[in-house]
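One structure is given here, and the rest of the page talks about it.
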Amino acid sequence: MQRTHSFLIVIAIFFVAADGTWSKKLAEVSPVVSGSVGFQQVTVPDLKDKPLEVAIWYPSTAPASPQPLGLFQQTVATNGGMTGNRLPLVLISHGTSGSLASHYDTALELARAGFVVAAVMHTGDNSQDQSYVGNRRDLTDRPRQTACVLDYLLGVWPDHNRIDPARIGILGYSLGGFTALVAIGGTPDLHRIPQFCSDRPDAPECRFIRERRGDQLDEAPTLEAIWIHDARIKAAVVAAPAVSFTFTRDGLSHVKVPMQLWRAEEDQESPNQWNSDIVRDALPSPQDVHTVRGAGHFAFLAPCSEALAKTVPRICQDAPGFDRAAFHVEFDRSVVRFFSAKLAAHR
């Protein structure tokens, strides 16, 4: 695995609620579907680029067993039969240099609660291939790729008739958060990147682009027509969104779906001042905002395995006293509660 750079994640069992008060939410747990979790990996054709690798989790009653997933291990029923009909679907978009395994723990919890979950491996920006990283193509292609995966899941996937097309959500972290914001109606202005980096040359995002020799600091062409918005998506969870300074208030004015926004208090990769705070303040309606005390950017990634910590220690190091595993218990439950409420079946 190549050295990983990311704009991603959060942790802590206590967090600040939208009104700024401390909350401890251990009792409020959504009911879950009994049984195991089925799992598949599929390849989705992309007419404009390489095929997309996608991991899919879903409710199942098939026997589960420990199985490797990248440098993690999960207990799943590989290719086990699916249970349920008219199930809600949540797409997952990982951050820079991430993978379809980056949020596997959250995917498992959603599947146990009755969701189908699909995590895409973004072409040119994943743990094995960073050829698009730092380039405009990475930003513009990601929302198109999620739409491509959704087309496949709703029309081609053998179990597509088990999904309720009216109950679609998206979870995005770091640059995946940017991806989710575009998918639900946000229109960024890429001309703001060279302008921002001229004003703040030492910002971590600007250093990162220069290190990668990307074209995001070049003068951008007019790109308004190529952003892919997807009206099929009805709710979003966005964690530590990256390059959010590309959005103006007008650029987020068409975001109408309910959204849960997560901020890491000590985010040094995508500083809140010009990322999460811009999203929070520019959205046209109040959203469900959580600030995670003591958390850094990578806290939203799944708790690291020993193998991952040895391979990419940077994304596995949390501040002293911050328990990522404990935080993810609450984070995952909160995500399940949010999507369960916002994607509830209409009878």
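Naming scheme: A, B, ... for chains in displayed order of the structure tokens; residues 1 onward per chain; ligands 1 onward as shown.
Those residues that approach Val279 (chain A) to within 8 Å, counting only C-alpha atoms, are Ser244, Phe247 and Leu252 of chain A; same-chain residues fewer than 6 positions away are not listed.
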Which region 178-293 of chain A residues have any atom within 8 Å of an atom of region 142-164 of chain A, and for each, what is the nearest pair of atoms with distance in Å to one decimal, counting only C-alpha atoms, rows sorted by chain and number, as a Markdown table?
| residue | atom | partner | partner_atom | distance |
| --- | --- | --- | --- | --- |
| A:Thr179 | CA | A:Pro143 | CA | 5.4 |
| A:Ala180 | CA | A:Pro143 | CA | 7.3 |
| A:Val182 | CA | A:Pro143 | CA | 6.6 |
| A:Ala183 | CA | A:Pro143 | CA | 5.7 |
| A:Trp227 | CA | A:Pro143 | CA | 7.4 |
| A:Ile228 | CA | A:Arg144 | CA | 5.7 |
| A:His229 | CA | A:Pro143 | CA | 7.4 |
| A:Asp230 | CA | A:Ala147 | CA | 6.8 |
When you look at Gln74 (chain A) with a cut-off of 12 Å (counting only C-alpha atoms), what residues show up, excluding the ones that are within fewer than 2 positions of it in the same chain? I need them as a list of chain:residue names.
A:Ser36, A:Val37, A:Gly38, A:Phe39, A:Trp57, A:Ala64, A:Ser65, A:Pro66, A:Gln67, A:Pro68, A:Leu69, A:Gly70, A:Leu71, A:Phe72, A:Val76, A:Ala77, A:Thr78, A:Ala101, A:His103, A:Tyr104, A:Asp105, A:Thr106, A:Ala107, A:Leu108, A:Glu109, A:Ala302, A:Ser305
Once DSSP has gone over the backbone, tell me which residues of region 162-305 of chain A are in alpha helix (DSSP H), as JSON, numbers by chain.
{"A": [175, 176, 177, 178, 179, 180, 181, 182, 183, 192, 193, 194, 195, 196, 197, 198, 199, 204, 205, 206, 207, 208, 209, 210, 211, 212, 276, 277, 278, 279, 280, 281, 282]}
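Per DSSP on the backbone, strand (DSSP E) in region 201-285 of chain A comprises Ile233, Lys234, Ala235, Ala236, Val237, Val238, Ala239, Met259, Gln260, Leu261, Trp262, Arg263 and Ala264 of chain A.
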Would you mind exporting the chosen residues as a PDB file, in the first residue's frame, restricted to C-alpha atoms?
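What landed in out.pdb:
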ATOM      1  CA  ILE A 233     -30.565  11.069  -2.629  1.00  0.00           C
ATOM      2  CA  LYS A 234     -32.900  12.143   0.193  1.00  0.00           C
ATOM      3  CA  ALA A 235     -30.568  12.462   3.216  1.00  0.00           C
ATOM      4  CA  ALA A 236     -26.852  12.863   3.921  1.00  0.00           C
ATOM      5  CA  VAL A 237     -24.296  12.420   6.678  1.00  0.00           C
ATOM      6  CA  VAL A 238     -21.208  14.569   6.084  1.00  0.00           C
ATOM      7  CA  ALA A 239     -18.122  14.202   8.291  1.00  0.00           C
ATOM      8  CA  MET A 259     -28.147  16.495   6.688  1.00  0.00           C
ATOM      9  CA  GLN A 260     -26.143  15.441   9.734  1.00  0.00           C
ATOM     10  CA  LEU A 261     -22.826  17.316   9.892  1.00  0.00           C
ATOM     11  CA  TRP A 262     -19.881  16.121  11.998  1.00  0.00           C
ATOM     12  CA  ARG A 263     -16.926  18.344  12.963  1.00  0.00           C
ATOM     13  CA  ALA A 264     -13.678  17.222  14.597  1.00  0.00           C
TER      14      ALA A 264
END
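Proximity of A:Val336, A:Gly95, A:Ile170, A:His297 to Arg232 (chain A), computed with only C-alpha atoms, is greatest for A:Ile170.
If you look at CA of Pro188 (chain A) and CA of Thr246 (chain A), they are 5.0 Å away from each other.
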If I take CA of Val42 (chain A) and CA of Arg167 (chain A), how far is one from the other in Å, to one decimal?
21.6 Å
Mind checking which residues fall within 12 Å of Ser276 (chain A), counting only C-alpha atoms, ignoring those fewer than 2 positions away in the same chain, and posting them as a count of residues only?
41
All residues 10 Å or closer to Gln216 (chain A), only C-alpha atoms, same chain fewer than 4 positions away omitted, as a compact mmCIF listing (two decimals) with N, CA and C atoms, in the first residue's frame:
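Contents of out-v4.txt, freshly written:
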# COMPACT_ATOMS: atom_id res chain seq x y z
N VAL A 133 -5.32 12.43 -7.54
CA VAL A 133 -5.27 13.21 -6.31
C VAL A 133 -4.60 14.56 -6.55
N GLY A 134 -5.24 15.61 -6.04
CA GLY A 134 -4.72 16.97 -6.21
C GLY A 134 -5.14 17.61 -7.51
N ASN A 135 -5.89 16.87 -8.34
CA ASN A 135 -6.32 17.38 -9.63
C ASN A 135 -7.83 17.64 -9.65
N ARG A 136 -8.23 18.56 -10.52
CA ARG A 136 -9.65 18.90 -10.61
C ARG A 136 -10.50 17.68 -10.98
N ARG A 137 -9.92 16.79 -11.76
CA ARG A 137 -10.69 15.62 -12.18
C ARG A 137 -11.18 14.81 -10.99
N ASP A 138 -10.39 14.74 -9.94
CA ASP A 138 -10.82 14.01 -8.74
C ASP A 138 -12.10 14.62 -8.17
N LEU A 139 -12.16 15.95 -8.14
CA LEU A 139 -13.32 16.62 -7.56
C LEU A 139 -14.56 16.46 -8.44
N LEU A 190 -14.39 26.11 -8.34
CA LEU A 190 -13.00 25.69 -8.25
C LEU A 190 -12.02 26.84 -8.45
N HIS A 191 -12.51 27.99 -8.94
CA HIS A 191 -11.65 29.18 -9.00
C HIS A 191 -11.24 29.64 -7.60
N ARG A 192 -12.00 29.23 -6.59
CA ARG A 192 -11.69 29.64 -5.22
C ARG A 192 -10.47 28.93 -4.66
N ILE A 193 -10.03 27.83 -5.27
CA ILE A 193 -8.87 27.11 -4.73
C ILE A 193 -7.58 27.91 -4.92
N PRO A 194 -7.22 28.32 -6.15
CA PRO A 194 -5.99 29.14 -6.27
C PRO A 194 -6.09 30.45 -5.52
N CYS A 197 -5.49 29.58 -1.82
CA CYS A 197 -4.10 29.20 -1.55
C CYS A 197 -3.14 30.36 -1.74
N CYS A 206 -3.47 23.38 0.75
CA CYS A 206 -2.60 23.97 -0.28
C CYS A 206 -1.25 23.28 -0.31
N ILE A 209 -1.76 19.95 -2.17
CA ILE A 209 -1.85 20.06 -3.64
C ILE A 209 -0.47 20.29 -4.25
N ARG A 210 0.33 21.15 -3.60
CA ARG A 210 1.68 21.38 -4.12
C ARG A 210 2.53 20.12 -4.06
N ALA A 220 -8.84 27.62 -13.16
CA ALA A 220 -9.80 26.59 -13.57
C ALA A 220 -10.70 27.09 -14.68
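When CA of Asn79 (chain A) is paired with CA of Arg112 (chain A), their separation reads 15.6 Å.
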